[in-house]
Amino acid sequence: QLNLPKISDEILDKWQQINAFEKSVDLREGQPPFVFYEGPPSANGMPGIHHVISRTLKDLVCRYKTMQGFQVKRKGGWDTHGLPIELGVEKELGITKEDIGKKISVEDYNKKCREVVMRYKDKWDEITQKMGYWVDLEKPYITFENNYIETLWWILSELYKKGLLYESVSIQPYSPAAGTGLSSHELNQPGTYKDVKDTSATVMFRVIQNSKFKIQNIDGDVYLMAWTTTPWTLPSNLGLTAGGNIDYVLIQTFNPYTHLPVNVILAKNLIGKYFKADGENGDFDNYTAEVKLIPWKIIAECKGKELDGIEYEQLMPSEANTIEKIQEITPGAQPFRVILGDFVTTEDGTGIVHTAPAFGADDFRVGQKNKLGILTLVDKQGKFVEGVGEFSNRYVKNYKDEKEYVDVNVDISVKLKKENRAFKVEKYEHSYPHCWRTDKPVLYYPLDAWFIKTTAIKDRMVEL
């Protein structure tokens with residue numbers, strides 16, 4: 001006649017009568033401490049089965065350490081974190097950030113946030129007790145209380161005094177719709193990655209044929225081909241990254257849109273993505289716009305390391321991205337040249353990576369190493385800044401109503417087609433991250449950030 005709920009109630013009653021949890025701590029006064037702080041849940045939502053699972057594991061460790069003879073004080077905690085609460089309150093009150101201080105006082109807004117953040121505390125306390133999770137709920141730490149906030153400021157000041165705090169730029173997932181950076185945890189919430197169709201463009205950067213370009217006696221212009229699924233990053237291009245050991249070819253052919261003769265450089269393994277085998281060594285003399293099969297032939301081959309240092313003309317010059325502006329932001333920057341990077345592959349694209357250090361972690365790393373500079377031509381609302389010509393003030397992704405949005409990526413691609421600087425433009429389906437709060441696309445964006453120099457004390461941390 002096993003009745004688990006009944007047994008559970010009996011055990012909980014007994015523990016309560018004899019103060020079992022409190023005694024397990026008090027009886028070990030003077031023993032070595034094992035300190036445990038609850039990784040705090042947020043009481044603005046209901047507890048779920050995943051909380052029961054993770055708390056069971058925590059409880060198991062604390063009970064084990066108690067059995068080993070340690071005094072294990074367990075401090076409960078409540079994470080009263082900001083933005084999700086704010087957004088929930090604004091939705092509930094039917095207001096936006098701009099209304100705070102106008103339609104509602106800051107004091108009343110804060111009061112409402114404090115109420116909402118602890119809305120389900122009783123449910124949390126109930127499940128904590130029901131599952132037999134031993135943690136101090138009487139004196140928890142609460143992240144909105146001044147003593148907690150001042151503790152954090154004290155820690156930061158200590159780190160500062162020790163020279164372990166520094167400011168830098170970090171390329172982070174950023175949600176223009178919510179106005180905040182996202183953690184890797186937030187980016188991995190269920191449903192954040194969606195399959196979307198974006199405009200991808202393989203574009204052509206014209207090589208400056210000086211002494212750094214080793215292939216001589218070429219008839220006509222030479223272009224480096226690079227592929228991107230984010231044409232909106234092209235005005236911020238500062239470099240092209242090749243793989244040192246990848247085999248590249250120089251191909252004589254015609255541009256499929258303008259039908260002008262061109263010479264293009266791409267990875268040998270990726271020829272098949274852009275050229276039909278039947279067109280190799282085809283009829284160049286009789287080629288016209290009406291001919292379906294574009295002729296092509298390889299006129300030179302080289303390793304990626306031989307492309308290192310080649311200079312090229314800026315793809316989309318404007319008032320906002322002049323060399324003077326770039327060097328003003330990053331003194332000594334040397335953009336618009338080929339560099340080498342270990343992240344380049346020949347799985348897709350052209351084997352040459354368009355590099356905009358402001359909009360990708362790999363791009364930022366390789367850009368810093370090679371002194372390309374950094375250029376952020378998109379503001380925090382997800383719009384092009386002033387000075388980007390006809391694209392100024394336009395959203396780079398759809399952050400508005402679907403009907404109003406005209407895809408700027410299509411317009412950029414059309415412009416490059418007309419200017420003989422696009423080789424292939426097509427729709428490309430891929431998995432793209434979206435903000436879990438707003439369901440709008442995320443950008444990888446350079447945010448000012450503070451860092452703690454953990455590497456400086458790594459050995460001591462391991463020792464402790």
# chains A, B, ... in the order shown; residues from 1 in each chain; ligands from 1
$ select_by_dssp --residues "segment 7-88 of chain A" --states "strand (DSSP E or B)" --output "PyMOL selection string"
chain A and resi 33+36-37+71+74-78
$ residues_around --residues "His81 of chain A" --least-positions-apart "5" --cutoff "10 Å" --atoms "only C-alpha atoms" --output "PyMOL selection string"
chain A and resi 41-42+44+86+117+142-144
$ write_last_selection --atoms "all heavy atoms" --output "PDB file, in the first residue's frame"
ATOM      1  N   PRO A  41      16.439  32.143  -8.638  1.00  0.00           N
ATOM      2  CA  PRO A  41      15.372  32.192  -9.644  1.00  0.00           C
ATOM      3  C   PRO A  41      14.708  33.569  -9.629  1.00  0.00           C
ATOM      4  O   PRO A  41      14.930  34.363  -8.718  1.00  0.00           O
ATOM      5  CB  PRO A  41      14.391  31.122  -9.163  1.00  0.00           C
ATOM      6  CG  PRO A  41      14.586  31.073  -7.689  1.00  0.00           C
ATOM      7  CD  PRO A  41      16.015  31.455  -7.417  1.00  0.00           C
ATOM      8  N   SER A  42      13.909  33.839 -10.626  1.00  0.00           N
ATOM      9  CA  SER A  42      13.137  35.077 -10.671  1.00  0.00           C
ATOM     10  C   SER A  42      11.685  34.738 -10.340  1.00  0.00           C
ATOM     11  O   SER A  42      11.086  33.879 -10.980  1.00  0.00           O
ATOM     12  CB  SER A  42      13.232  35.695 -12.066  1.00  0.00           C
ATOM     13  OG  SER A  42      12.409  36.828 -12.133  1.00  0.00           O
ATOM     14  N   ASN A  44       9.028  36.297 -10.855  1.00  0.00           N
ATOM     15  CA  ASN A  44       7.964  36.924 -11.665  1.00  0.00           C
ATOM     16  C   ASN A  44       7.288  35.899 -12.570  1.00  0.00           C
ATOM     17  O   ASN A  44       6.374  36.225 -13.305  1.00  0.00           O
ATOM     18  CB  ASN A  44       8.536  38.072 -12.517  1.00  0.00           C
ATOM     19  CG  ASN A  44       9.436  37.563 -13.617  1.00  0.00           C
ATOM     20  OD1 ASN A  44      10.309  36.740 -13.373  1.00  0.00           O
ATOM     21  ND2 ASN A  44       9.242  38.037 -14.834  1.00  0.00           N
ATOM     22  N   GLU A  86      10.663  44.958 -16.667  1.00  0.00           N
ATOM     23  CA  GLU A  86      10.252  46.251 -17.230  1.00  0.00           C
ATOM     24  C   GLU A  86       9.297  46.056 -18.408  1.00  0.00           C
ATOM     25  O   GLU A  86       8.252  46.697 -18.484  1.00  0.00           O
ATOM     26  CB  GLU A  86      11.480  47.042 -17.681  1.00  0.00           C
ATOM     27  CG  GLU A  86      12.311  47.566 -16.524  1.00  0.00           C
ATOM     28  CD  GLU A  86      13.579  48.237 -17.004  1.00  0.00           C
ATOM     29  OE1 GLU A  86      13.600  48.728 -18.155  1.00  0.00           O
ATOM     30  OE2 GLU A  86      14.560  48.277 -16.241  1.00  0.00           O
ATOM     31  N   VAL A 117       7.831  41.667  -9.739  1.00  0.00           N
ATOM     32  CA  VAL A 117       8.964  40.752  -9.692  1.00  0.00           C
ATOM     33  C   VAL A 117       8.822  39.710  -8.577  1.00  0.00           C
ATOM     34  O   VAL A 117       9.392  38.640  -8.628  1.00  0.00           O
ATOM     35  CB  VAL A 117      10.297  41.531  -9.559  1.00  0.00           C
ATOM     36  CG1 VAL A 117      10.544  41.985  -8.133  1.00  0.00           C
ATOM     37  CG2 VAL A 117      11.466  40.698 -10.056  1.00  0.00           C
ATOM     38  N   ILE A 142      18.312  39.637  -2.115  1.00  0.00           N
ATOM     39  CA  ILE A 142      17.388  40.084  -3.171  1.00  0.00           C
ATOM     40  C   ILE A 142      18.128  41.137  -3.992  1.00  0.00           C
ATOM     41  O   ILE A 142      18.603  42.133  -3.438  1.00  0.00           O
ATOM     42  CB  ILE A 142      16.084  40.659  -2.564  1.00  0.00           C
ATOM     43  CG1 ILE A 142      15.390  39.576  -1.714  1.00  0.00           C
ATOM     44  CG2 ILE A 142      15.154  41.159  -3.660  1.00  0.00           C
ATOM     45  CD1 ILE A 142      14.210  40.070  -0.896  1.00  0.00           C
ATOM     46  N   THR A 143      18.222  40.921  -5.284  1.00  0.00           N
ATOM     47  CA  THR A 143      19.139  41.749  -6.085  1.00  0.00           C
ATOM     48  C   THR A 143      18.710  43.201  -6.240  1.00  0.00           C
ATOM     49  O   THR A 143      19.516  44.023  -6.650  1.00  0.00           O
ATOM     50  CB  THR A 143      19.375  41.119  -7.479  1.00  0.00           C
ATOM     51  OG1 THR A 143      18.127  41.037  -8.169  1.00  0.00           O
ATOM     52  CG2 THR A 143      19.995  39.739  -7.380  1.00  0.00           C
ATOM     53  N   PHE A 144      17.440  43.563  -5.878  1.00  0.00           N
ATOM     54  CA  PHE A 144      17.097  44.986  -5.965  1.00  0.00           C
ATOM     55  C   PHE A 144      17.332  45.738  -4.642  1.00  0.00           C
ATOM     56  O   PHE A 144      17.147  46.942  -4.561  1.00  0.00           O
ATOM     57  CB  PHE A 144      15.683  45.233  -6.513  1.00  0.00           C
ATOM     58  CG  PHE A 144      14.510  44.808  -5.650  1.00  0.00           C
ATOM     59  CD1 PHE A 144      14.424  45.151  -4.309  1.00  0.00           C
ATOM     60  CD2 PHE A 144      13.459  44.081  -6.207  1.00  0.00           C
ATOM     61  CE1 PHE A 144      13.329  44.788  -3.545  1.00  0.00           C
ATOM     62  CE2 PHE A 144      12.356  43.702  -5.445  1.00  0.00           C
ATOM     63  CZ  PHE A 144      12.296  44.058  -4.105  1.00  0.00           C
TER      64      PHE A 144
END
$ residues_around --residues "Phe451 of chain A" --least-positions-apart "6" --cutoff "12 Å" --atoms "only C-alpha atoms" --output "list in words"
Leu156, Leu159, Tyr160, Gly163, Leu164, Leu165, Tyr166, Glu167, Ser168, Val169 and Ser170 of chain A
$ select_by_dssp --residues "segment 353-395 of chain A" --states "helix (DSSP H, G or I)" --output "JSON list (two decimals) with N, CA and C atoms, in the first residue's frame"
[["chain", "number", "residue", "atom", "x", "y", "z"],
["A", 357, "PRO", "N", 34.77, 44.47, -39.31],
["A", 357, "PRO", "CA", 35.10, 44.18, -37.91],
["A", 357, "PRO", "C", 34.01, 44.56, -36.89],
["A", 358, "ALA", "N", 33.11, 45.47, -37.26],
["A", 358, "ALA", "CA", 32.07, 45.89, -36.30],
["A", 358, "ALA", "C", 30.97, 44.85, -36.16],
["A", 359, "PHE", "N", 30.85, 43.91, -37.10],
["A", 359, "PHE", "CA", 29.64, 43.07, -37.12],
["A", 359, "PHE", "C", 29.89, 41.57, -37.07],
["A", 361, "ALA", "N", 32.36, 38.46, -34.59],
["A", 361, "ALA", "CA", 33.45, 38.20, -33.64],
["A", 361, "ALA", "C", 34.75, 37.84, -34.35],
["A", 362, "ASP", "N", 34.67, 36.95, -35.38],
["A", 362, "ASP", "CA", 35.87, 36.60, -36.16],
["A", 362, "ASP", "C", 36.43, 37.82, -36.87],
["A", 363, "ASP", "N", 35.53, 38.60, -37.46],
["A", 363, "ASP", "CA", 35.95, 39.80, -38.19],
["A", 363, "ASP", "C", 36.66, 40.78, -37.26],
["A", 364, "PHE", "N", 36.09, 40.94, -36.05],
["A", 364, "PHE", "CA", 36.67, 41.87, -35.07],
["A", 364, "PHE", "C", 38.07, 41.42, -34.67],
["A", 365, "ARG", "N", 38.20, 40.12, -34.37],
["A", 365, "ARG", "CA", 39.49, 39.57, -33.93],
["A", 365, "ARG", "C", 40.56, 39.74, -35.00],
["A", 366, "VAL", "N", 40.23, 39.34, -36.23],
["A", 366, "VAL", "CA", 41.21, 39.40, -37.32],
["A", 366, "VAL", "C", 41.47, 40.86, -37.72],
["A", 367, "GLY", "N", 40.42, 41.70, -37.59],
["A", 367, "GLY", "CA", 40.58, 43.13, -37.90],
["A", 367, "GLY", "C", 41.52, 43.81, -36.94],
["A", 368, "GLN", "N", 41.39, 43.47, -35.65],
["A", 368, "GLN", "CA", 42.29, 44.06, -34.63],
["A", 368, "GLN", "C", 43.72, 43.62, -34.86],
["A", 369, "LYS", "N", 43.88, 42.33, -35.12],
["A", 369, "LYS", "CA", 45.22, 41.76, -35.31],
["A", 369, "LYS", "C", 45.93, 42.42, -36.49],
["A", 389, "GLY", "N", 24.83, 57.76, -47.97],
["A", 389, "GLY", "CA", 24.18, 58.00, -49.26],
["A", 389, "GLY", "C", 22.70, 57.70, -49.23],
["A", 390, "GLU", "N", 22.22, 57.04, -50.28],
["A", 390, "GLU", "CA", 20.78, 56.78, -50.42],
["A", 390, "GLU", "C", 20.24, 55.80, -49.37],
["A", 391, "PHE", "N", 21.14, 55.14, -48.62],
["A", 391, "PHE", "CA", 20.68, 54.16, -47.63],
["A", 391, "PHE", "C", 20.60, 54.75, -46.22]]
$ closest_residue --among "A:Val410, A:Val135, A:Leu83, A:Ile323" --to "Ala178 of chain A" --atoms "only C-alpha atoms"
A:Leu83
$ closest_residue --among "A:Leu187, A:Val52, A:Met461, A:Ile246" --to "Gln172 of chain A" --atoms "only C-alpha atoms"
A:Leu187
$ residues_around --residues "Ile329 of chain A" --least-positions-apart "5" --cutoff "8 Å" --atoms "only C-alpha atoms" --output "NGL selection string"
:A and (373-375)
$ closest_residue --among "A:Glu347, A:Asp195, A:Glu386, A:Glu301" --to "Ser318 of chain A" --atoms "only C-alpha atoms"
A:Glu386
$ closest_residue --among "A:Arg394, A:Lys139, A:Arg337, A:Lys123" --to "Ala242 of chain A" --atoms "only C-alpha atoms"
A:Arg337
